[in-house]
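Notes follow once the structure below has been shown.
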Amino acid sequence: MWRQVLALVIKEMLAVLRDAKSRAVLIGPPLIQLLVFGYAATFDLNHVPMAVYNRDPSQASRELVAHFAGSPTFRVVAMLRSGRRIDELIDSRQAQLVLVIDRRFTRDLLTHRPAPVQTIVDGRNSNTALLIEGYANTILTDFALRWGETHGGRPPPAVLQTRALYNPTLSSHWFIVPGIVALLTQVVTLLVVSLSVARERETGTFDQLLVTPMRPVDILLGKGLPGLLVGLLEATVIIAAAVWWFDVPLRGGLLALYLGLILFVVAVTGIGLMISSLVSTQQQALLGAFLFMVPSIILSGFATPIANMPPWVQDLTLVNPMRYFLVIVRSVFLEGAGVAALASQDWPMAVIGAVNLVAATWLFRRRAI
Amino acid sequence: MNPVALRRLRGLLRKEFLQIWRDPSALAIAFLLPAILLLIFGYGVSLDARNVPLAVVTQRPGALAASFAAGFRHSPYFKPRPFLTIQEAERALRAHEVQGIVWLRSDFARRALAGGEAPIGVIVNGVDANDARLVEGYVQQVWATWLSAQARSQGHDASMALAVEPRVRFNPAVSSRDYLVPGLIAVIMTLTGALLTALVIAREWERGTMEALMVTRVQMREILLAKLLPYFLLGMGGMAASVVMAVLLFGVPLVGAWWVLAGASALFMLSALGMGLLISGFARSQFVAGQIALIVTFLPAFLLSGFVFDIGSMPPAVQWVTHVVAARYFVAILQSVFLAGNVWSVIVPNALALAAMAAVFLGLARAVFRRRLD
């Protein structure tokens, strides 16, 4: 039995790898995506264009502006002389932040009253708006504290000392790049597996397979294993790139990572096989793959946290294997988590994988007879 | 165009419409796919952190510490959990039970009342850097509110030298759904537009019906036109359905004019269909066409369009790449038309870019198809 399965695996691998175009599709685009997305997918803000409307030209206000101009987050693109152009600059996206320094600024500072400043941000992208407000507040608070110290104001009763665990500089690359391991592994595995049976159905060779002495389970194994191998290989390449190219620290062990990875790829292969046994053309297979893939990426926590979703959507994510693997890959990379700590993520994937494989076998048998 | 050619075109169009009608998969891609995606995305994608579980450690409970901790109970952003030791709180942080720790040491009240500047430790789980930054910002807000309340209770103006008045132009509630849903429409329409044409034409190549069409008197440009028109209408129908869903279901305000939206959508749809035609011109099989459609349309539209990730913060080389992603221009127009209104300084340059991309893709598609005839 195993000799037959092995022969089918080799045949499948040849079918995928011999065709120059599908070979290229498996190797080239994922690598390009890794590079582009590894660099593009960032929530970090830098060189945010800002404008300043300084209604109180004085030493103190100029010092405040210098704090903004000197920060890597902001880039002062315009000094306004009147308030008329503020809206226009924001509307046309020439400035994402406008700092308005009030006429009473210096007078209030010197008399130890809170000196008024206004920050106006572009809310069209709410996340960026909140981050810009946060950065601006940090600079303004720094300035206020320093002013109080040097000019004899009353110090505030308490100050914040902030630090971030696992990712001290809060670089979002460290969050996104391990996520890409999960993303691309799922894309490639799912496409290879879900199209393999449909391709044979279209060319008519599937019936020939069925009349061989192979049992449906053997055929399923022969169809599933190549996807498993391709997925593992792809993931390994991306993990290597994350460590050596993007310098994301790999603090945990490979055992915990690969245990999670294998369970994940098995679960995805099961979904691919289910799609494969339900459809009769490659177009339907692709559509099925898309219909699963897109929601599974969105509802995985890849870009936006699951905790922010409404409760019923959060419940929906429980059947998504990518959700668990994302936690595993990020925990192993950044938190140095071991096998024991990740057991709570491993077993749901194992269950999903088992259910998927059983369901795929059942569907496949029904279609094969 | 002479009458004979016109009649040929009409025949071709009739064939395409019949094909669409009989094979529901094209209708599914045009209407079902966007509706399902928009539902899942609209409910699933949110960057607004609410009820963030936060450990508040008060090593020596007292009135001052309690007044500070109360700020977190009243904030909609936090769900505070009290702890008495930092060790327990750190264990909870490592077990992902809380996302951050606010730590008031045992000498907090004494130092705050004596010389001031008592340190408050804030430790966040930095794995999700974006979330961590937002949480830091919210903690800062609670702290600033506490400071001014504290100062007022002691009878002076404030203990901070600055009074910051923040204002958010458009989307004053800074709800992420209001900006994500318009962006999502662009992402979804990129996918359906390219998939519609790429898969349908790749299938004709695979079945050999394309060659059959070519040996007739029909010209290449008529075939392309006949393919384009029905799918354009289908795509625009899907687009309209998406906009209606965004406004009625998700309550996104549509401040700008609908005809600006329709015009920009038409240009975008042409470029997406052109992209699909181009892909199908290169790829003979549906497998390859589908793969390429996914890789060059959906993922770039998701990551490189400025829909979630800010383009201005990307490295220059990547920023340059975003210029060939049509969704980038459409996202800019959609976010402005929905939330800000008819901002011509945003709409005109982006619409011109879309028109240029549509022309380039359609032109290239025609050239590729003509070459494949030989």
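By order of appearance in the structure tokens: chains A, B, ..., then residues from 1 within every chain, and ligands from 1 in the order shown.
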
Could you make a table, as a Markdown table, of the residues of chain A that have an atom within 6 Å of an atom of chain B, each with its nearest atom pair and distance in Å to one decimal, counting only C-alpha atoms, in chain and number order?
```
| residue | atom | partner | partner_atom | distance |
| --- | --- | --- | --- | --- |
| A:Ala40 | CA | B:Met314 | CA | 5.3 |
| A:Ala41 | CA | B:Phe309 | CA | 5.9 |
| A:Thr42 | CA | B:Phe309 | CA | 6.0 |
| A:Phe43 | CA | B:Phe309 | CA | 5.9 |
| A:Leu45 | CA | B:Ser313 | CA | 5.3 |
| A:Asn46 | CA | B:Ser313 | CA | 5.4 |
| A:Ser92 | CA | B:Ser345 | CA | 5.5 |
| A:Pro114 | CA | B:Leu162 | CA | 4.6 |
| A:Ala115 | CA | B:Leu162 | CA | 4.6 |
| A:Pro116 | CA | B:Ala163 | CA | 4.8 |
| A:Val117 | CA | B:Val164 | CA | 5.1 |
| A:Gln118 | CA | B:Glu165 | CA | 4.6 |
| A:Thr119 | CA | B:Pro166 | CA | 4.8 |
| A:Ile120 | CA | B:Arg167 | CA | 4.7 |
| A:Val121 | CA | B:Val168 | CA | 5.0 |
| A:Asp122 | CA | B:Arg169 | CA | 5.2 |
| A:Gly123 | CA | B:Phe170 | CA | 5.2 |
| A:Arg124 | CA | B:Tyr179 | CA | 5.9 |
| A:Asn125 | CA | B:Tyr179 | CA | 5.7 |
| A:Ser126 | CA | B:Val174 | CA | 4.8 |
| A:Gly134 | CA | B:Gly137 | CA | 5.1 |
| A:Ala144 | CA | B:Ala161 | CA | 4.8 |
| A:Pro155 | CA | B:Gly116 | CA | 5.8 |
| A:Pro156 | CA | B:Ser159 | CA | 5.1 |
| A:Pro157 | CA | B:Gly116 | CA | 3.9 |
| A:Ala158 | CA | B:Glu117 | CA | 4.2 |
| A:Val159 | CA | B:Pro119 | CA | 5.2 |
| A:Leu160 | CA | B:Ile120 | CA | 4.8 |
| A:Gln161 | CA | B:Gly121 | CA | 5.0 |
| A:Thr162 | CA | B:Val122 | CA | 4.5 |
| A:Arg163 | CA | B:Ile123 | CA | 5.1 |
| A:Ala164 | CA | B:Val124 | CA | 4.8 |
| A:Leu165 | CA | B:Asn125 | CA | 5.1 |
| A:Tyr166 | CA | B:Gly126 | CA | 5.7 |
| A:Asn167 | CA | B:Gly126 | CA | 4.8 |
| A:Leu170 | CA | B:Ala129 | CA | 4.8 |
| A:Ser172 | CA | B:Ala129 | CA | 5.0 |
| A:Phe175 | CA | B:Asp128 | CA | 5.6 |
| A:Thr304 | CA | B:Leu47 | CA | 5.8 |
| A:Asn308 | CA | B:Ala49 | CA | 5.7 |
| A:Met309 | CA | B:Gly44 | CA | 5.3 |
```

Item to check | Residue contacts of segment 242-248 of chain A (8 Å, only C-alpha atoms) excluding same-chain residues fewer than 5 positions away, as a ChimeraX atom specification | outcome: /A:38,173-174,177-178,333

Item to check | Per-residue DSSP, segment 22-175 of chain B, filtered to strand (DSSP E or B), as an NGL selection string | outcome: :B and (52-58 or 78-83 or 100-104 or 118-125 or 162-169)

Write a file of the selected residues as an mmCIF file, in the first residue's frame, keeping N, CA and C atoms.
```cif
data_model
loop_
_atom_site.group_PDB
_atom_site.id
_atom_site.type_symbol
_atom_site.label_atom_id
_atom_site.label_comp_id
_atom_site.auth_asym_id
_atom_site.auth_seq_id
_atom_site.Cartn_x
_atom_site.Cartn_y
_atom_site.Cartn_z
ATOM 1 N N VAL B 52 -9.829 46.354 27.150
ATOM 2 C CA VAL B 52 -8.537 45.682 27.196
ATOM 3 C C VAL B 52 -8.301 45.190 28.623
ATOM 4 N N PRO B 53 -8.057 43.873 28.800
ATOM 5 C CA PRO B 53 -7.792 43.401 30.159
ATOM 6 C C PRO B 53 -6.458 43.954 30.665
ATOM 7 N N LEU B 54 -6.493 44.608 31.819
ATOM 8 C CA LEU B 54 -5.318 45.305 32.321
ATOM 9 C C LEU B 54 -5.155 44.989 33.802
ATOM 10 N N ALA B 55 -3.942 44.624 34.197
ATOM 11 C CA ALA B 55 -3.675 44.355 35.615
ATOM 12 C C ALA B 55 -3.310 45.671 36.292
ATOM 13 N N VAL B 56 -4.011 45.991 37.366
ATOM 14 C CA VAL B 56 -3.670 47.179 38.144
ATOM 15 C C VAL B 56 -3.127 46.704 39.491
ATOM 16 N N VAL B 57 -1.831 46.907 39.693
ATOM 17 C CA VAL B 57 -1.180 46.436 40.911
ATOM 18 C C VAL B 57 -1.100 47.585 41.902
ATOM 19 N N THR B 58 -1.767 47.444 43.051
ATOM 20 C CA THR B 58 -1.601 48.425 44.122
ATOM 21 C C THR B 58 -0.974 47.689 45.288
ATOM 22 N N PHE B 78 -10.654 49.998 29.053
ATOM 23 C CA PHE B 78 -10.012 49.003 29.908
ATOM 24 C C PHE B 78 -10.999 48.175 30.705
ATOM 25 N N LYS B 79 -10.578 46.934 30.997
ATOM 26 C CA LYS B 79 -11.271 46.088 31.955
ATOM 27 C C LYS B 79 -10.218 45.752 33.007
ATOM 28 N N PRO B 80 -10.113 46.595 34.060
ATOM 29 C CA PRO B 80 -9.015 46.397 35.005
ATOM 30 C C PRO B 80 -9.241 45.202 35.922
ATOM 31 N N ARG B 81 -8.127 44.543 36.266
ATOM 32 C CA ARG B 81 -8.175 43.449 37.239
ATOM 33 C C ARG B 81 -7.204 43.790 38.352
ATOM 34 N N PRO B 82 -7.669 43.832 39.616
ATOM 35 C CA PRO B 82 -6.779 44.234 40.700
ATOM 36 C C PRO B 82 -5.795 43.123 41.076
ATOM 37 N N PHE B 83 -4.558 43.531 41.367
ATOM 38 C CA PHE B 83 -3.540 42.595 41.863
ATOM 39 C C PHE B 83 -2.844 43.256 43.034
ATOM 40 N N GLY B 100 -1.606 44.283 29.723
ATOM 41 C CA GLY B 100 -0.661 45.237 30.279
ATOM 42 C C GLY B 100 -0.797 45.299 31.777
ATOM 43 N N ILE B 101 0.196 45.962 32.388
ATOM 44 C CA ILE B 101 0.214 46.099 33.848
ATOM 45 C C ILE B 101 0.418 47.574 34.170
ATOM 46 N N VAL B 102 -0.359 48.078 35.116
ATOM 47 C CA VAL B 102 -0.074 49.384 35.693
ATOM 48 C C VAL B 102 0.318 49.132 37.137
ATOM 49 N N TRP B 103 1.493 49.599 37.529
ATOM 50 C CA TRP B 103 2.094 49.175 38.780
ATOM 51 C C TRP B 103 2.310 50.371 39.703
ATOM 52 N N LEU B 104 1.523 50.427 40.793
ATOM 53 C CA LEU B 104 1.712 51.458 41.813
ATOM 54 C C LEU B 104 2.489 50.821 42.958
ATOM 55 N N ALA B 118 6.114 60.579 41.464
ATOM 56 C CA ALA B 118 6.186 59.180 41.871
ATOM 57 C C ALA B 118 6.081 58.317 40.617
ATOM 58 N N PRO B 119 7.001 57.362 40.451
ATOM 59 C CA PRO B 119 6.961 56.570 39.213
ATOM 60 C C PRO B 119 5.808 55.577 39.210
ATOM 61 N N ILE B 120 5.072 55.540 38.113
ATOM 62 C CA ILE B 120 4.040 54.519 37.894
ATOM 63 C C ILE B 120 4.563 53.609 36.789
ATOM 64 N N GLY B 121 4.759 52.334 37.102
ATOM 65 C CA GLY B 121 5.268 51.420 36.092
ATOM 66 C C GLY B 121 4.164 51.009 35.128
ATOM 67 N N VAL B 122 4.434 51.120 33.817
ATOM 68 C CA VAL B 122 3.473 50.640 32.823
ATOM 69 C C VAL B 122 4.189 49.600 31.983
ATOM 70 N N ILE B 123 3.710 48.356 32.002
ATOM 71 C CA ILE B 123 4.339 47.291 31.229
ATOM 72 C C ILE B 123 3.284 46.743 30.278
ATOM 73 N N VAL B 124 3.577 46.762 28.970
ATOM 74 C CA VAL B 124 2.607 46.212 28.023
ATOM 75 C C VAL B 124 3.221 45.031 27.308
ATOM 76 N N ASN B 125 2.371 44.094 26.860
ATOM 77 C CA ASN B 125 2.832 43.007 26.016
ATOM 78 C C ASN B 125 3.039 43.579 24.617
ATOM 79 N N LEU B 162 1.109 72.226 30.003
ATOM 80 C CA LEU B 162 0.368 72.414 28.740
ATOM 81 C C LEU B 162 -1.062 71.910 28.884
ATOM 82 N N ALA B 163 -1.968 72.543 28.197
ATOM 83 C CA ALA B 163 -3.329 72.040 28.092
ATOM 84 C C ALA B 163 -3.558 71.684 26.637
ATOM 85 N N VAL B 164 -3.595 70.396 26.339
ATOM 86 C CA VAL B 164 -3.709 69.971 24.947
ATOM 87 C C VAL B 164 -5.171 69.746 24.606
ATOM 88 N N GLU B 165 -5.594 70.363 23.505
ATOM 89 C CA GLU B 165 -6.966 70.168 23.054
ATOM 90 C C GLU B 165 -6.921 69.394 21.750
ATOM 91 N N PRO B 166 -7.200 68.083 21.781
ATOM 92 C CA PRO B 166 -7.117 67.308 20.546
ATOM 93 C C PRO B 166 -8.399 67.428 19.724
ATOM 94 N N ARG B 167 -8.251 67.462 18.405
ATOM 95 C CA ARG B 167 -9.425 67.506 17.538
ATOM 96 C C ARG B 167 -9.166 66.561 16.368
ATOM 97 N N VAL B 168 -10.162 65.772 16.029
ATOM 98 C CA VAL B 168 -10.013 64.861 14.901
ATOM 99 C C VAL B 168 -10.934 65.331 13.790
ATOM 100 N N ARG B 169 -10.328 65.661 12.639
ATOM 101 C CA ARG B 169 -11.127 66.126 11.525
ATOM 102 C C ARG B 169 -11.640 64.909 10.763
#
```

Next on the checklist: Let's see if you can do this: from backbone DSSP, list all helix (DSSP H, G or I) residues in segment 76-152 of chain B, as JSON, numbers by chain.
Outcome noted: {"B": [86, 87, 88, 89, 90, 91, 92, 93, 94, 108, 109, 110, 111, 112, 113, 129, 130, 131, 132, 133, 134, 135, 136, 137, 138, 139, 140, 141, 142, 143, 144, 145, 146, 147, 148, 149, 150, 151, 152]}

Any chance you can output those residues with N, CA, C and O atoms as a compact mmCIF listing (two decimals), in the first residue's frame?
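Final output, again-v1.txt:
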```
# COMPACT_ATOMS: atom_id res chain seq x y z
N ILE B 86 3.34 42.44 42.09
CA ILE B 86 3.73 42.54 40.69
C ILE B 86 4.01 41.16 40.11
O ILE B 86 3.79 40.92 38.92
N GLN B 87 4.45 40.20 40.97
CA GLN B 87 4.76 38.85 40.46
C GLN B 87 3.51 38.20 39.88
O GLN B 87 3.55 37.62 38.80
N GLU B 88 2.41 38.30 40.64
CA GLU B 88 1.16 37.71 40.14
C GLU B 88 0.75 38.36 38.82
O GLU B 88 0.33 37.69 37.87
N ALA B 89 0.88 39.68 38.76
CA ALA B 89 0.47 40.41 37.56
C ALA B 89 1.34 40.00 36.37
O ALA B 89 0.84 39.81 35.25
N GLU B 90 2.64 39.81 36.62
CA GLU B 90 3.53 39.42 35.52
C GLU B 90 3.20 38.02 35.03
O GLU B 90 3.28 37.75 33.83
N ARG B 91 2.80 37.16 35.98
CA ARG B 91 2.39 35.81 35.56
C ARG B 91 1.17 35.90 34.65
O ARG B 91 1.09 35.24 33.62
N ALA B 92 0.23 36.76 35.03
CA ALA B 92 -0.98 36.92 34.22
C ALA B 92 -0.64 37.49 32.84
O ALA B 92 -1.23 37.11 31.83
N LEU B 93 0.34 38.38 32.80
CA LEU B 93 0.76 38.97 31.52
C LEU B 93 1.37 37.91 30.62
O LEU B 93 1.09 37.83 29.42
N ARG B 94 2.22 37.06 31.22
CA ARG B 94 2.87 36.02 30.42
C ARG B 94 1.88 34.97 29.94
O ARG B 94 2.07 34.35 28.90
N PHE B 108 4.08 54.71 46.57
CA PHE B 108 3.44 55.61 45.60
C PHE B 108 2.84 56.85 46.28
O PHE B 108 3.16 57.99 45.94
N ALA B 109 1.98 56.62 47.28
CA ALA B 109 1.29 57.74 47.90
C ALA B 109 2.29 58.68 48.60
O ALA B 109 2.19 59.90 48.49
N ARG B 110 3.26 58.06 49.30
CA ARG B 110 4.23 58.88 50.04
C ARG B 110 5.00 59.81 49.09
O ARG B 110 5.09 61.02 49.30
N ARG B 111 5.51 59.22 48.00
CA ARG B 111 6.31 60.02 47.08
C ARG B 111 5.47 61.05 46.34
O ARG B 111 5.91 62.16 46.06
N ALA B 112 4.22 60.66 45.99
CA ALA B 112 3.36 61.58 45.26
C ALA B 112 3.04 62.81 46.11
O ALA B 112 3.00 63.94 45.61
N LEU B 113 2.86 62.59 47.39
CA LEU B 113 2.50 63.71 48.27
C LEU B 113 3.72 64.50 48.69
O LEU B 113 3.65 65.71 48.93
N ALA B 129 2.52 45.14 18.25
CA ALA B 129 3.08 46.47 18.50
C ALA B 129 2.03 47.57 18.38
O ALA B 129 2.01 48.52 19.15
N ASN B 130 1.12 47.40 17.41
CA ASN B 130 0.10 48.44 17.20
C ASN B 130 -0.84 48.54 18.39
O ASN B 130 -1.09 49.60 18.93
N ASP B 131 -1.32 47.38 18.81
CA ASP B 131 -2.22 47.32 19.95
C ASP B 131 -1.52 47.88 21.19
O ASP B 131 -2.12 48.64 21.96
N ALA B 132 -0.25 47.51 21.36
CA ALA B 132 0.51 47.97 22.52
C ALA B 132 0.60 49.49 22.54
O ALA B 132 0.44 50.12 23.58
N ARG B 133 0.82 50.08 21.36
CA ARG B 133 0.93 51.54 21.30
C ARG B 133 -0.39 52.21 21.66
O ARG B 133 -0.42 53.19 22.36
N LEU B 134 -1.50 51.65 21.14
CA LEU B 134 -2.81 52.22 21.45
C LEU B 134 -3.07 52.12 22.95
O LEU B 134 -3.54 53.08 23.57
N VAL B 135 -2.74 50.97 23.54
CA VAL B 135 -2.95 50.80 24.97
C VAL B 135 -2.13 51.83 25.75
O VAL B 135 -2.62 52.47 26.68
N GLU B 136 -0.87 52.00 25.33
CA GLU B 136 -0.03 53.02 25.98
C GLU B 136 -0.68 54.40 25.91
O GLU B 136 -0.69 55.15 26.88
N GLY B 137 -1.24 54.71 24.74
CA GLY B 137 -1.88 56.01 24.57
C GLY B 137 -3.08 56.17 25.49
O GLY B 137 -3.27 57.22 26.12
N TYR B 138 -3.88 55.09 25.62
CA TYR B 138 -5.06 55.17 26.50
C TYR B 138 -4.63 55.33 27.96
O TYR B 138 -5.26 56.06 28.72
N VAL B 139 -3.56 54.61 28.37
CA VAL B 139 -3.07 54.75 29.74
C VAL B 139 -2.65 56.20 29.99
O VAL B 139 -2.95 56.79 31.03
N GLN B 140 -1.99 56.77 28.98
CA GLN B 140 -1.55 58.16 29.10
C GLN B 140 -2.76 59.09 29.30
O GLN B 140 -2.71 60.02 30.11
N GLN B 141 -3.85 58.81 28.58
CA GLN B 141 -5.06 59.63 28.73
C GLN B 141 -5.60 59.54 30.16
O GLN B 141 -5.95 60.56 30.76
N VAL B 142 -5.67 58.30 30.69
CA VAL B 142 -6.18 58.11 32.05
C VAL B 142 -5.30 58.89 33.02
O VAL B 142 -5.79 59.59 33.92
N TRP B 143 -4.00 58.80 32.82
CA TRP B 143 -3.04 59.49 33.69
C TRP B 143 -3.26 61.01 33.64
O TRP B 143 -3.33 61.67 34.67
N ALA B 144 -3.41 61.54 32.42
CA ALA B 144 -3.56 63.00 32.27
C ALA B 144 -4.87 63.46 32.92
O ALA B 144 -4.91 64.50 33.59
N THR B 145 -5.94 62.67 32.74
CA THR B 145 -7.22 63.03 33.36
C THR B 145 -7.07 63.04 34.89
O THR B 145 -7.56 63.95 35.57
N TRP B 146 -6.38 62.01 35.40
CA TRP B 146 -6.18 61.92 36.85
C TRP B 146 -5.39 63.13 37.36
O TRP B 146 -5.72 63.71 38.39
N LEU B 147 -4.34 63.51 36.61
CA LEU B 147 -3.51 64.65 37.03
C LEU B 147 -4.35 65.91 37.18
O LEU B 147 -4.25 66.60 38.19
N SER B 148 -5.18 66.20 36.17
CA SER B 148 -5.91 67.47 36.25
C SER B 148 -7.00 67.40 37.33
O SER B 148 -7.24 68.39 38.03
N ALA B 149 -7.61 66.20 37.52
CA ALA B 149 -8.59 66.07 38.60
C ALA B 149 -7.91 66.28 39.96
O ALA B 149 -8.43 66.96 40.84
N GLN B 150 -6.73 65.68 40.08
CA GLN B 150 -5.94 65.79 41.30
C GLN B 150 -5.60 67.27 41.59
O GLN B 150 -5.72 67.74 42.71
N ALA B 151 -5.18 67.96 40.52
CA ALA B 151 -4.79 69.37 40.69
C ALA B 151 -6.00 70.21 41.10
O ALA B 151 -5.91 71.06 41.98
N ARG B 152 -7.15 69.93 40.44
CA ARG B 152 -8.35 70.71 40.77
C ARG B 152 -8.76 70.50 42.21
O ARG B 152 -9.14 71.43 42.91
```

Checklist entry - Quick one: residues within 8 Å of segment 217-223 of chain B, only C-alpha atoms counted, chain neighbours fewer than 5 positions away excluded, as a ChimeraX atom specification? => result /B:8-9,12,366,369-370

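One distance worth recording is that between atom CA of Leu210 of chain A and atom CA of Ala198 of chain A, which is 13.9 Å.
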
Checklist entry - Any idea what's packed within 10 Å of Leu34 of chain A, counting only C-alpha atoms, ignoring anything in its chain fewer than 3 positions away? Could you give it as a PyMOL selection string? => result chain A and resi 29-31+37-40+177+180-181+183-184+238+241-242

Checklist entry - When you draw a straight line from atom CA of Val348 of chain B to atom CA of Ala326 of chain B, how long is it in Å? => result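 Interatomic distance here is 14.6 Å.
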
Contacts of segment 270-280 of chain A at 6 Å or less, counting only C-alpha atoms, minus same-chain residues fewer than 6 places along, as an mmCIF file with N, CA and C atoms, in the first residue's frame?
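Writing the result to part_27.cif gives the following:
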```
data_model
loop_
_atom_site.group_PDB
_atom_site.id
_atom_site.type_symbol
_atom_site.label_atom_id
_atom_site.label_comp_id
_atom_site.auth_asym_id
_atom_site.auth_seq_id
_atom_site.Cartn_x
_atom_site.Cartn_y
_atom_site.Cartn_z
ATOM 1 N N LEU A 190 -2.979 25.244 0.559
ATOM 2 C CA LEU A 190 -4.373 25.131 0.159
ATOM 3 C C LEU A 190 -4.500 25.048 -1.362
ATOM 4 N N VAL A 193 -3.213 21.563 -2.754
ATOM 5 C CA VAL A 193 -4.075 20.420 -2.449
ATOM 6 C C VAL A 193 -5.441 20.534 -3.123
ATOM 7 N N SER A 194 -6.038 21.736 -3.040
ATOM 8 C CA SER A 194 -7.419 21.816 -3.507
ATOM 9 C C SER A 194 -7.521 21.677 -5.024
ATOM 10 N N VAL A 197 -6.982 17.344 -7.220
ATOM 11 C CA VAL A 197 -7.989 16.393 -7.687
ATOM 12 C C VAL A 197 -8.793 16.988 -8.845
ATOM 13 N N ALA A 198 -9.113 18.299 -8.697
ATOM 14 C CA ALA A 198 -9.905 18.939 -9.742
ATOM 15 C C ALA A 198 -9.183 18.886 -11.094
ATOM 16 N N ASN A 356 -11.294 17.403 9.817
ATOM 17 C CA ASN A 356 -11.205 17.717 8.393
ATOM 18 C C ASN A 356 -10.832 16.487 7.579
ATOM 19 N N LEU A 357 -9.843 15.723 8.078
ATOM 20 C CA LEU A 357 -9.383 14.557 7.313
ATOM 21 C C LEU A 357 -10.477 13.495 7.233
ATOM 22 N N ALA A 360 -13.060 14.763 4.867
ATOM 23 C CA ALA A 360 -12.577 14.702 3.485
ATOM 24 C C ALA A 360 -12.642 13.260 2.968
ATOM 25 N N PHE A 364 -14.885 12.088 -0.083
ATOM 26 C CA PHE A 364 -14.145 11.553 -1.206
ATOM 27 C C PHE A 364 -14.687 10.189 -1.610
#
```

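Across the model, the gap from atom CA of Tyr324 of chain A to atom CA of Ala240 of chain A is 20.9 Å.
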
Next on the checklist: Which residues are close to Leu299 of chain A, i.e. within 10 Å by only C-alpha atoms, leaving aside same-chain residues fewer than 2 positions away? Reply as a list in words.
Outcome noted: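 Within the cut-off, the hits are Met293, Val294, Pro295, Ser296, Ile297, Gly301, Phe302, Ala303, Thr304, Pro305, Ile306, Met309, Val313, Gln314, Leu316, Thr317, Leu318, Asn320, Met322 and Arg323 of chain A; Ile40, Phe41, Tyr43, Gly44 and Val45 of chain B.
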
Next on the checklist: Considering only C-alpha atoms, can you say which of A:Val268, A:Gln4, A:Arg367, A:Leu35 comes closest to Asp207 of chain A?
Outcome noted: A:Arg367
